[in-house]
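Q: Hey, dropping start-v6.txt in here, compact mmCIF, C-alpha atoms and all ligand atoms:
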```txt
# COMPACT_ATOMS: atom_id res chain seq x y z
CA MET G 80 7.11 -16.85 57.63
CA CYS G 81 4.75 -17.68 54.74
CA VAL G 82 2.57 -14.69 55.61
CA GLN G 83 5.57 -12.38 56.01
CA VAL G 84 7.08 -13.20 52.59
CA CYS G 85 3.82 -13.05 50.63
CA PRO G 86 3.97 -10.03 48.26
CA THR G 87 0.17 -9.84 48.07
CA GLY G 88 -0.24 -9.93 51.86
CA ILE G 89 -2.50 -12.99 52.07
CA ASP G 90 -2.41 -15.84 54.56
CA ILE G 91 -2.08 -19.00 52.46
CA ARG G 92 -2.91 -21.08 55.52
CA ASP G 93 -6.54 -20.05 54.89
CA GLY G 94 -6.42 -21.94 51.58
CA LEU G 95 -6.09 -20.84 47.95
CA GLN G 96 -7.17 -17.24 47.38
CA TYR G 97 -7.65 -15.30 44.16
CA GLU G 98 -5.01 -12.71 45.16
CA CYS G 99 -2.30 -15.40 44.98
CA ILE G 100 0.08 -14.80 42.04
CA GLY G 101 1.74 -18.21 42.39
CA CYS G 102 5.21 -16.83 43.15
CA ALA G 103 5.98 -19.76 45.48
CA LEU G 104 7.78 -17.56 48.05
CA CYS G 105 5.57 -19.00 50.78
CA ILE G 106 6.53 -22.54 49.70
CA ASP G 107 10.26 -21.77 49.98
CA ALA G 108 9.81 -19.94 53.29
CA CYS G 109 7.75 -22.76 54.77
CA ASP G 110 10.08 -25.52 53.53
CA SER G 111 13.18 -23.74 54.88
CA VAL G 112 11.61 -23.49 58.35
CA MET G 113 10.39 -27.10 58.24
CA GLU G 114 13.86 -28.33 57.21
CA LYS G 115 15.49 -26.48 60.11
CA MET G 116 13.01 -28.04 62.51
CA ASN G 117 13.46 -31.49 60.93
CA TYR G 118 9.80 -31.66 59.98
CA PRO G 119 8.55 -33.03 56.63
CA ILE G 120 8.48 -30.37 53.92
CA GLY G 121 5.65 -29.72 51.47
CA LEU G 122 3.11 -28.26 53.87
CA ILE G 123 2.43 -25.67 51.21
CA SER G 124 2.72 -27.00 47.66
CA TYR G 125 1.26 -26.97 44.19
CA THR G 126 -1.22 -29.82 44.44
CA THR G 127 -4.87 -30.73 44.01
CA GLU G 128 -7.60 -31.52 46.51
CA LYS G 129 -7.64 -35.09 45.17
CA ASN G 130 -3.92 -35.45 45.83
CA LEU G 131 -4.40 -34.10 49.36
CA GLU G 132 -7.06 -36.76 49.94
CA GLY G 133 -4.52 -39.36 48.77
CA LYS G 134 -6.27 -39.99 45.45
CA LYS G 135 -4.58 -39.77 42.09
CA SER G 136 -5.60 -36.82 39.94
CA LYS G 137 -6.40 -37.54 36.29
CA ILE G 138 -4.14 -35.84 33.79
CA LEU G 139 -6.35 -36.54 30.77
CA ARG G 140 -9.63 -34.86 31.70
CA PRO G 141 -12.24 -33.73 29.10
CA ARG G 142 -11.34 -30.10 29.78
CA THR G 143 -7.61 -30.74 29.26
CA LEU G 144 -8.45 -32.56 26.04
CA GLY G 145 -10.64 -29.62 24.95
CA TYR G 146 -7.81 -27.15 25.60
CA ALA G 147 -5.37 -29.34 23.68
CA ILE G 148 -7.74 -29.54 20.67
CA ALA G 149 -8.35 -25.77 20.76
CA LEU G 150 -4.59 -25.12 20.97
CA LEU G 151 -3.92 -27.50 18.09
CA GLY G 152 -6.61 -25.72 16.02
CA MET G 153 -4.99 -22.35 16.73
CA ILE G 154 -1.53 -23.64 15.81
CA ILE G 155 -2.87 -25.06 12.52
CA ALA G 156 -4.75 -21.80 11.73
CA PHE G 157 -1.64 -19.75 12.53
CA SER G 158 0.58 -21.97 10.36
CA VAL G 159 -1.86 -21.81 7.43
CA LYS G 160 -2.09 -18.03 7.73
CA LEU G 161 1.69 -17.78 7.89
CA GLY G 162 2.02 -20.00 4.82
CA LEU G 163 -0.50 -17.94 2.83
CA ARG G 164 1.01 -14.61 3.86
CA SER G 165 1.91 -12.46 0.88
CA GLU G 166 5.52 -11.35 0.71
CA VAL G 167 4.56 -7.88 -0.45
CA GLN G 168 1.97 -5.43 0.77
CA VAL G 169 0.64 -2.25 -0.80
CA ASP G 170 -1.58 0.49 0.62
CA VAL G 171 -2.90 3.42 -1.37
CA ILE G 172 -3.59 6.85 0.05
CA ARG G 173 -5.39 9.32 -2.20
CA ASP G 174 -3.82 12.77 -2.05
CA ARG G 175 -6.12 15.11 -0.21
CA GLY G 176 -5.34 18.26 -2.20
CA ALA G 177 -7.14 18.78 -5.52
CA LEU G 178 -9.75 16.15 -6.45
CA PHE G 179 -8.23 16.00 -9.94
CA GLN G 180 -6.22 18.13 -12.32
CA THR G 181 -5.70 18.39 -16.06
CA ASN G 182 -2.17 17.81 -17.36
CA ALA G 183 -0.39 19.33 -20.38
CA ARG G 184 -1.85 16.63 -22.66
CA GLY G 185 -5.36 17.57 -21.56
CA PHE G 186 -5.76 14.26 -19.66
CA VAL G 187 -7.36 14.06 -16.21
CA GLU G 188 -4.82 13.33 -13.49
CA ASN G 189 -5.20 12.02 -9.92
CA SER G 190 -2.36 11.74 -7.40
CA TYR G 191 -1.78 9.06 -4.76
CA THR G 192 0.84 7.85 -2.33
CA LEU G 193 1.65 4.13 -2.50
CA GLN G 194 3.11 2.45 0.54
CA VAL G 195 4.90 -0.66 -0.64
CA MET G 196 6.39 -3.08 1.85
CA ASN G 197 8.73 -5.93 0.96
CA MET G 198 7.89 -8.48 3.67
CA SER G 199 10.38 -11.08 2.45
CA ASN G 200 14.01 -11.48 3.45
CA GLN G 201 15.41 -10.85 -0.01
CA THR G 202 15.85 -7.74 -2.14
CA ARG G 203 13.17 -7.67 -4.84
CA THR G 204 12.22 -5.48 -7.80
CA PHE G 205 8.51 -4.84 -8.21
CA ASP G 206 6.46 -3.73 -11.23
CA ILE G 207 3.69 -1.26 -10.41
CA SER G 208 0.58 -1.09 -12.57
CA VAL G 209 -2.94 0.26 -12.38
CA SER G 210 -6.22 -0.95 -13.87
CA GLY G 211 -9.56 0.77 -14.16
CA PRO G 212 -11.43 2.68 -16.86
CA ASP G 213 -10.36 2.69 -20.52
CA SER G 214 -7.12 4.54 -21.25
CA ILE G 215 -6.02 4.60 -17.59
CA GLU G 216 -2.27 4.86 -17.28
CA LEU G 217 0.30 5.22 -14.54
CA THR G 218 2.57 8.12 -15.49
CA SER G 219 4.84 7.98 -12.42
CA LYS G 220 7.47 5.37 -11.49
CA LYS G 221 6.55 1.88 -12.73
CA GLN G 222 9.30 -0.14 -11.05
CA VAL G 223 10.92 -0.06 -7.61
CA THR G 224 13.56 -2.14 -5.84
CA LEU G 225 13.14 -2.78 -2.14
CA SER G 226 15.54 -4.29 0.38
CA PRO G 227 14.27 -6.96 2.83
CA SER G 228 11.57 -5.53 5.13
CA GLU G 229 11.80 -2.11 3.49
CA LEU G 230 8.74 0.15 3.48
CA LEU G 231 8.69 2.69 0.67
CA SER G 232 6.35 5.66 0.28
CA LEU G 233 6.03 6.40 -3.39
CA PRO G 234 4.11 9.20 -5.12
CA ALA G 235 1.94 7.84 -7.93
CA VAL G 236 0.17 9.76 -10.70
CA VAL G 237 -2.58 8.23 -12.82
CA GLU G 238 -4.13 9.75 -15.95
CA VAL G 239 -7.26 9.03 -17.97
CA ASN G 240 -8.34 10.43 -21.30
CA PRO G 241 -11.38 12.63 -20.46
CA GLU G 242 -13.02 11.58 -23.75
CA LYS G 243 -13.31 8.06 -22.32
CA MET G 244 -14.83 9.13 -19.01
CA THR G 245 -18.55 8.39 -18.80
CA GLU G 246 -18.67 8.71 -14.98
CA ARG G 247 -17.42 11.17 -12.41
CA ASN G 248 -15.52 8.51 -10.50
CA TYR G 249 -14.20 5.01 -11.00
CA ASP G 250 -12.88 2.17 -8.90
CA ILE G 251 -9.25 1.58 -9.77
CA ASN G 252 -6.81 -1.09 -8.70
CA PHE G 253 -3.09 -0.74 -8.04
CA ARG G 254 -1.02 -3.91 -8.42
CA VAL G 255 2.51 -4.46 -7.20
CA GLN G 256 4.18 -7.61 -8.52
CA ALA G 257 7.68 -8.97 -8.09
CA VAL G 258 9.51 -9.16 -11.41
CA GLY G 259 9.40 -12.73 -12.73
CA GLU G 260 7.32 -14.02 -9.75
CA ALA G 261 3.61 -13.91 -10.53
CA ASP G 262 2.66 -15.27 -7.11
CA VAL G 263 4.48 -12.49 -5.19
CA ALA G 264 1.98 -9.71 -5.69
CA ALA G 265 -0.42 -7.46 -3.84
CA GLU G 266 -3.30 -5.24 -4.87
CA SER G 267 -5.07 -2.27 -3.35
CA GLU G 268 -8.17 -0.39 -4.44
CA SER G 269 -8.75 3.33 -4.69
CA ARG G 270 -10.93 5.85 -6.56
CA PHE G 271 -10.24 7.92 -9.65
CA LEU G 272 -12.17 11.19 -9.86
CA GLY G 273 -12.77 13.39 -12.88
CA PRO G 274 -15.10 16.04 -14.24
CA GLY G 275 -17.46 13.40 -15.66
CA PRO G 276 -19.09 13.34 -19.14
CA ASN G 277 -20.71 16.81 -18.84
CA ARG G 278 -17.46 18.68 -18.26
CA PHE G 279 -18.14 21.24 -20.99
S1 LIG G 301 2.51 -18.15 46.19
FE1 LIG G 301 3.24 -16.05 46.53
S2 LIG G 301 1.38 -14.83 46.33
FE2 LIG G 301 0.69 -16.93 46.61
S3 LIG G 301 0.40 -17.12 48.80
FE3 LIG G 301 2.48 -17.82 48.40
S4 LIG G 301 3.74 -16.01 48.72
FE4 LIG G 301 1.63 -15.28 48.53
```
Turn the structure described in the file into structure tokens.

A:
Amino acid sequence: MCVQVCPTGIDIRDGLQYECIGCALCIDACDSVMEKMNYPIGLISYTTEKNLEGKKSKILRPRTLGYAIALLGMIIAFSVKLGLRSEVQVDVIRDRGALFQTNARGFVENSYTLQVMNMSNQTRTFDISVSGPDSIELTSKKQVTLSPSELLSLPAVVEVNPEKMTERNYDINFRVQAVGEADVAAESESRFLGPGPNRF
């Protein structure tokens, strides 16, 4: 019966084999036959070689202790990471069209898409700002309100006075911060491109 019910087609009477998935069907099949015949059950069971020899198996072995310590370490690391998790996330994607353009004021403009995610369970309003070279300014939306777990894709336009540009490109930093909560903030880097100092 134990061979007939085995889904992996092994004969457990030959001992433990790697194909065994531990479904215990053979145990139930064997026990039901043994009960009908009035024989002692447990011919097939979850046990150890020590138990079979009549010895007691140790529960607290060095390996078990090692696993417990490793598991505890992982739980602590996971909890710390969870505790330090920011409640807002921002990613910046530079628009792939023109490298830069000049606006009506004669300032150099770059366009981006900000992906802002509110990872908390409360509706929050966030201030958006940018830092980088002198005179850098965000000319698009500077404040957004997001519902819990909302992900918002937001076009962002940044301008710089070309008179202040001494390089062709700059590292810039977008910052998203919850209004009135300095510790609920996230930053993401990007590049600002322009014609450089020799534009004329
Ligand atoms: S536990 Fe399941 S897979 Fe393993 S031998 Fe028994 S019937 Fe087969």

Q: Give me the residues within 9 Å of Glu216 of chain G as a PDB file with C-alpha atoms, in the frame of the given file, counting all atoms listed in the file and dropping any in the same chain fewer than 5 places off.

A:
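Below is the file that was written, result_24.pdb:
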```pdb
ATOM      1  CA  SER G 208       0.580  -1.090 -12.570  1.00  0.00           C
ATOM      2  CA  VAL G 209      -2.940   0.260 -12.380  1.00  0.00           C
ATOM      3  CA  SER G 210      -6.220  -0.950 -13.870  1.00  0.00           C
ATOM      4  CA  GLY G 211      -9.560   0.770 -14.160  1.00  0.00           C
ATOM      5  CA  VAL G 236       0.170   9.760 -10.700  1.00  0.00           C
ATOM      6  CA  VAL G 237      -2.580   8.230 -12.820  1.00  0.00           C
ATOM      7  CA  GLU G 238      -4.130   9.750 -15.950  1.00  0.00           C
ATOM      8  CA  VAL G 239      -7.260   9.030 -17.970  1.00  0.00           C
TER       9      VAL G 239
END
```

Q: Return as a tab-separated table the residues of segment 89-185 of chain G lying at most 12 Å from segment 247-254 of chain G, together with the closest atom-to-atom pair for each and the distance in Å to one decimal, counting only C-alpha atoms, with rows in chain order and ascending residue number.

A:
```
residue	atom	partner	partner_atom	distance
G:Val167	CA	G:Arg254	CA	10.5
G:Gln168	CA	G:Arg254	CA	9.8
G:Val169	CA	G:Arg254	CA	8.0
G:Asp170	CA	G:Phe253	CA	8.9
G:Val171	CA	G:Phe253	CA	7.9
G:Ile172	CA	G:Phe253	CA	11.1
G:Arg173	CA	G:Ile251	CA	11.5
G:Leu178	CA	G:Asn248	CA	10.4
G:Phe179	CA	G:Asn248	CA	10.5
```

Q: Provide the atom CA of Phe186 of chain G to atom CA of Ala257 of chain G distance in Å, to one decimal place.

A: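 Pair atom CA of Phe186 of chain G / atom CA of Ala257 of chain G returns 29.2 Å.
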
Q: For a quick check of understanding, using all atoms listed in the file, which of G:Thr202, G:Thr143, G:Gln83, G:Gln180 has the smallest distance to ligand LIG 301 (chain G)?

A: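 Using all atoms listed in the file, the shortest distance to ligand LIG 301 (chain G) belongs to G:Gln83.
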
Q: Between atom CA of Ile138 of chain G and atom CA of Ile154 of chain G, what is the spacing in Å?

A: 21.9 Å

Q: Return as a list in words every polymer residue, whether protein, DNA or RNA, with at least one atom no more than 8 Å from an atom of ligand LIG 301 (chain G); count only C-alpha atoms and all ligand atoms.

A: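 The distance check yields Cys81, Val82, Val84, Cys85, Pro86, Thr87, Gly88, Ile89, Asp90, Ile91, Leu95, Gln96, Glu98, Cys99, Ile100, Gly101, Cys102, Ala103, Leu104, Cys105 and Ile106 of chain G.
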
Q: Selection from above, C-alpha atoms, as a compact mmCIF listing (two decimals), in the coordinates of the input, can you write it?

A:
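Result file follows (part26.txt):
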```txt
# COMPACT_ATOMS: atom_id res chain seq x y z
CA CYS G 81 4.75 -17.68 54.74
CA VAL G 82 2.57 -14.69 55.61
CA VAL G 84 7.08 -13.20 52.59
CA CYS G 85 3.82 -13.05 50.63
CA PRO G 86 3.97 -10.03 48.26
CA THR G 87 0.17 -9.84 48.07
CA GLY G 88 -0.24 -9.93 51.86
CA ILE G 89 -2.50 -12.99 52.07
CA ASP G 90 -2.41 -15.84 54.56
CA ILE G 91 -2.08 -19.00 52.46
CA LEU G 95 -6.09 -20.84 47.95
CA GLN G 96 -7.17 -17.24 47.38
CA GLU G 98 -5.01 -12.71 45.16
CA CYS G 99 -2.30 -15.40 44.98
CA ILE G 100 0.08 -14.80 42.04
CA GLY G 101 1.74 -18.21 42.39
CA CYS G 102 5.21 -16.83 43.15
CA ALA G 103 5.98 -19.76 45.48
CA LEU G 104 7.78 -17.56 48.05
CA CYS G 105 5.57 -19.00 50.78
CA ILE G 106 6.53 -22.54 49.70
```

Q: Have a look at atom CA of Ser219 of chain G and atom CA of Leu231 of chain G and let me know their distance in Å, one decimal.

A: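 One can read the atom CA of Ser219 of chain G to atom CA of Leu231 of chain G distance as 14.6 Å.
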
Q: Pull the neighbourhood of (2.1, -3.6, -6.4) for me: all residues within 6 Å in file coordinates, counting all atoms listed in the file, as a short mmCIF file (atom, residue, chain, number, x, y, z; two decimals) with C-alpha atoms, in the frame of the given file.

A:
```cif
data_model
loop_
_atom_site.label_atom_id
_atom_site.label_comp_id
_atom_site.auth_asym_id
_atom_site.auth_seq_id
_atom_site.Cartn_x
_atom_site.Cartn_y
_atom_site.Cartn_z
CA VAL G 169 0.64 -2.25 -0.80
CA ILE G 207 3.69 -1.26 -10.41
CA ARG G 254 -1.02 -3.91 -8.42
CA VAL G 255 2.51 -4.46 -7.20
CA GLN G 256 4.18 -7.61 -8.52
CA ALA G 265 -0.42 -7.46 -3.84
CA GLU G 266 -3.30 -5.24 -4.87
#
```

Q: Generate the coordinates of all heavy atoms for segment 163-174 of chain G; report them as a PDB file, in the coordinates of the input.

A:
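File produced: part24.pdb:
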```
ATOM      1  N   LEU G 163       0.195 -18.665   3.900  1.00  0.00           N
ATOM      2  CA  LEU G 163      -0.500 -17.940   2.830  1.00  0.00           C
ATOM      3  C   LEU G 163      -0.130 -16.458   2.798  1.00  0.00           C
ATOM      4  O   LEU G 163      -0.588 -15.721   1.944  1.00  0.00           O
ATOM      5  CB  LEU G 163      -2.021 -18.067   3.015  1.00  0.00           C
ATOM      6  CG  LEU G 163      -2.591 -19.477   2.861  1.00  0.00           C
ATOM      7  CD1 LEU G 163      -4.092 -19.474   3.139  1.00  0.00           C
ATOM      8  CD2 LEU G 163      -2.321 -20.010   1.465  1.00  0.00           C
ATOM      9  N   ARG G 164       0.675 -16.025   3.743  1.00  0.00           N
ATOM     10  CA  ARG G 164       1.010 -14.610   3.860  1.00  0.00           C
ATOM     11  C   ARG G 164       1.747 -14.128   2.599  1.00  0.00           C
ATOM     12  O   ARG G 164       2.678 -14.763   2.131  1.00  0.00           O
ATOM     13  CB  ARG G 164       1.916 -14.408   5.088  1.00  0.00           C
ATOM     14  CG  ARG G 164       2.190 -12.986   5.440  1.00  0.00           C
ATOM     15  CD  ARG G 164       3.163 -12.962   6.576  1.00  0.00           C
ATOM     16  NE  ARG G 164       4.495 -13.309   6.093  1.00  0.00           N
ATOM     17  CZ  ARG G 164       5.553 -12.520   6.205  1.00  0.00           C
ATOM     18  NH1 ARG G 164       5.443 -11.363   6.796  1.00  0.00           N
ATOM     19  NH2 ARG G 164       6.730 -12.897   5.746  1.00  0.00           N
ATOM     20  N   SER G 165       1.256 -13.003   2.063  1.00  0.00           N
ATOM     21  CA  SER G 165       1.910 -12.460   0.880  1.00  0.00           C
ATOM     22  C   SER G 165       3.247 -11.831   1.294  1.00  0.00           C
ATOM     23  O   SER G 165       3.370 -11.305   2.400  1.00  0.00           O
ATOM     24  CB  SER G 165       1.014 -11.399   0.246  1.00  0.00           C
ATOM     25  OG  SER G 165       1.720 -10.739  -0.758  1.00  0.00           O
ATOM     26  N   GLU G 166       4.202 -11.885   0.378  1.00  0.00           N
ATOM     27  CA  GLU G 166       5.520 -11.350   0.710  1.00  0.00           C
ATOM     28  C   GLU G 166       5.654  -9.884   0.323  1.00  0.00           C
ATOM     29  O   GLU G 166       6.724  -9.297   0.437  1.00  0.00           O
ATOM     30  CB  GLU G 166       6.607 -12.200   0.053  1.00  0.00           C
ATOM     31  CG  GLU G 166       6.616 -13.595   0.632  1.00  0.00           C
ATOM     32  CD  GLU G 166       7.817 -14.406   0.229  1.00  0.00           C
ATOM     33  OE1 GLU G 166       8.558 -13.991  -0.670  1.00  0.00           O
ATOM     34  OE2 GLU G 166       8.013 -15.472   0.829  1.00  0.00           O
ATOM     35  N   VAL G 167       4.548  -9.319  -0.156  1.00  0.00           N
ATOM     36  CA  VAL G 167       4.560  -7.880  -0.450  1.00  0.00           C
ATOM     37  C   VAL G 167       3.201  -7.311  -0.055  1.00  0.00           C
ATOM     38  O   VAL G 167       2.191  -8.005  -0.091  1.00  0.00           O
ATOM     39  CB  VAL G 167       4.854  -7.620  -1.957  1.00  0.00           C
ATOM     40  CG1 VAL G 167       3.852  -8.267  -2.857  1.00  0.00           C
ATOM     41  CG2 VAL G 167       4.924  -6.135  -2.238  1.00  0.00           C
ATOM     42  N   GLN G 168       3.221  -6.068   0.363  1.00  0.00           N
ATOM     43  CA  GLN G 168       1.970  -5.430   0.770  1.00  0.00           C
ATOM     44  C   GLN G 168       1.937  -4.026   0.171  1.00  0.00           C
ATOM     45  O   GLN G 168       2.976  -3.359   0.092  1.00  0.00           O
ATOM     46  CB  GLN G 168       1.928  -5.340   2.292  1.00  0.00           C
ATOM     47  CG  GLN G 168       0.577  -4.851   2.817  1.00  0.00           C
ATOM     48  CD  GLN G 168       0.583  -4.763   4.327  1.00  0.00           C
ATOM     49  OE1 GLN G 168       1.006  -5.696   4.994  1.00  0.00           O
ATOM     50  NE2 GLN G 168       0.146  -3.648   4.858  1.00  0.00           N
ATOM     51  N   VAL G 169       0.746  -3.613  -0.273  1.00  0.00           N
ATOM     52  CA  VAL G 169       0.640  -2.250  -0.800  1.00  0.00           C
ATOM     53  C   VAL G 169      -0.611  -1.580  -0.243  1.00  0.00           C
ATOM     54  O   VAL G 169      -1.663  -2.202  -0.140  1.00  0.00           O
ATOM     55  CB  VAL G 169       0.630  -2.246  -2.360  1.00  0.00           C
ATOM     56  CG1 VAL G 169      -0.515  -3.028  -2.942  1.00  0.00           C
ATOM     57  CG2 VAL G 169       0.618  -0.820  -2.888  1.00  0.00           C
ATOM     58  N   ASP G 170      -0.452  -0.337   0.165  1.00  0.00           N
ATOM     59  CA  ASP G 170      -1.580   0.490   0.620  1.00  0.00           C
ATOM     60  C   ASP G 170      -1.577   1.750  -0.229  1.00  0.00           C
ATOM     61  O   ASP G 170      -0.516   2.277  -0.567  1.00  0.00           O
ATOM     62  CB  ASP G 170      -1.423   0.853   2.098  1.00  0.00           C
ATOM     63  CG  ASP G 170      -1.675  -0.348   2.985  1.00  0.00           C
ATOM     64  OD1 ASP G 170      -2.648  -1.064   2.732  1.00  0.00           O
ATOM     65  OD2 ASP G 170      -0.880  -0.570   3.913  1.00  0.00           O
ATOM     66  N   VAL G 171      -2.787   2.217  -0.535  1.00  0.00           N
ATOM     67  CA  VAL G 171      -2.900   3.420  -1.370  1.00  0.00           C
ATOM     68  C   VAL G 171      -3.584   4.516  -0.580  1.00  0.00           C
ATOM     69  O   VAL G 171      -4.628   4.296   0.034  1.00  0.00           O
ATOM     70  CB  VAL G 171      -3.741   3.124  -2.640  1.00  0.00           C
ATOM     71  CG1 VAL G 171      -3.791   4.357  -3.527  1.00  0.00           C
ATOM     72  CG2 VAL G 171      -3.170   1.956  -3.395  1.00  0.00           C
ATOM     73  N   ILE G 172      -2.968   5.692  -0.597  1.00  0.00           N
ATOM     74  CA  ILE G 172      -3.590   6.850   0.050  1.00  0.00           C
ATOM     75  C   ILE G 172      -3.810   7.896  -1.033  1.00  0.00           C
ATOM     76  O   ILE G 172      -2.869   8.284  -1.733  1.00  0.00           O
ATOM     77  CB  ILE G 172      -2.671   7.431   1.162  1.00  0.00           C
ATOM     78  CG1 ILE G 172      -2.340   6.352   2.177  1.00  0.00           C
ATOM     79  CG2 ILE G 172      -3.329   8.626   1.834  1.00  0.00           C
ATOM     80  CD1 ILE G 172      -1.105   6.647   2.998  1.00  0.00           C
ATOM     81  N   ARG G 173      -5.077   8.298  -1.181  1.00  0.00           N
ATOM     82  CA  ARG G 173      -5.390   9.320  -2.200  1.00  0.00           C
ATOM     83  C   ARG G 173      -4.946  10.663  -1.674  1.00  0.00           C
ATOM     84  O   ARG G 173      -5.190  10.994  -0.520  1.00  0.00           O
ATOM     85  CB  ARG G 173      -6.909   9.318  -2.405  1.00  0.00           C
ATOM     86  CG  ARG G 173      -7.275   9.657  -3.776  1.00  0.00           C
ATOM     87  CD  ARG G 173      -8.744   9.538  -4.070  1.00  0.00           C
ATOM     88  NE  ARG G 173      -8.904  10.072  -5.399  1.00  0.00           N
ATOM     89  CZ  ARG G 173      -8.838  11.343  -5.672  1.00  0.00           C
ATOM     90  NH1 ARG G 173      -8.696  12.233  -4.715  1.00  0.00           N
ATOM     91  NH2 ARG G 173      -8.928  11.759  -6.923  1.00  0.00           N
ATOM     92  N   ASP G 174      -4.263  11.454  -2.507  1.00  0.00           N
ATOM     93  CA  ASP G 174      -3.820  12.770  -2.050  1.00  0.00           C
ATOM     94  C   ASP G 174      -5.035  13.652  -1.776  1.00  0.00           C
ATOM     95  O   ASP G 174      -5.996  13.651  -2.539  1.00  0.00           O
ATOM     96  CB  ASP G 174      -2.901  13.417  -3.093  1.00  0.00           C
ATOM     97  CG  ASP G 174      -1.511  12.793  -3.034  1.00  0.00           C
ATOM     98  OD1 ASP G 174      -1.309  11.902  -2.176  1.00  0.00           O
ATOM     99  OD2 ASP G 174      -0.653  13.180  -3.836  1.00  0.00           O
TER     100      ASP G 174
END
```
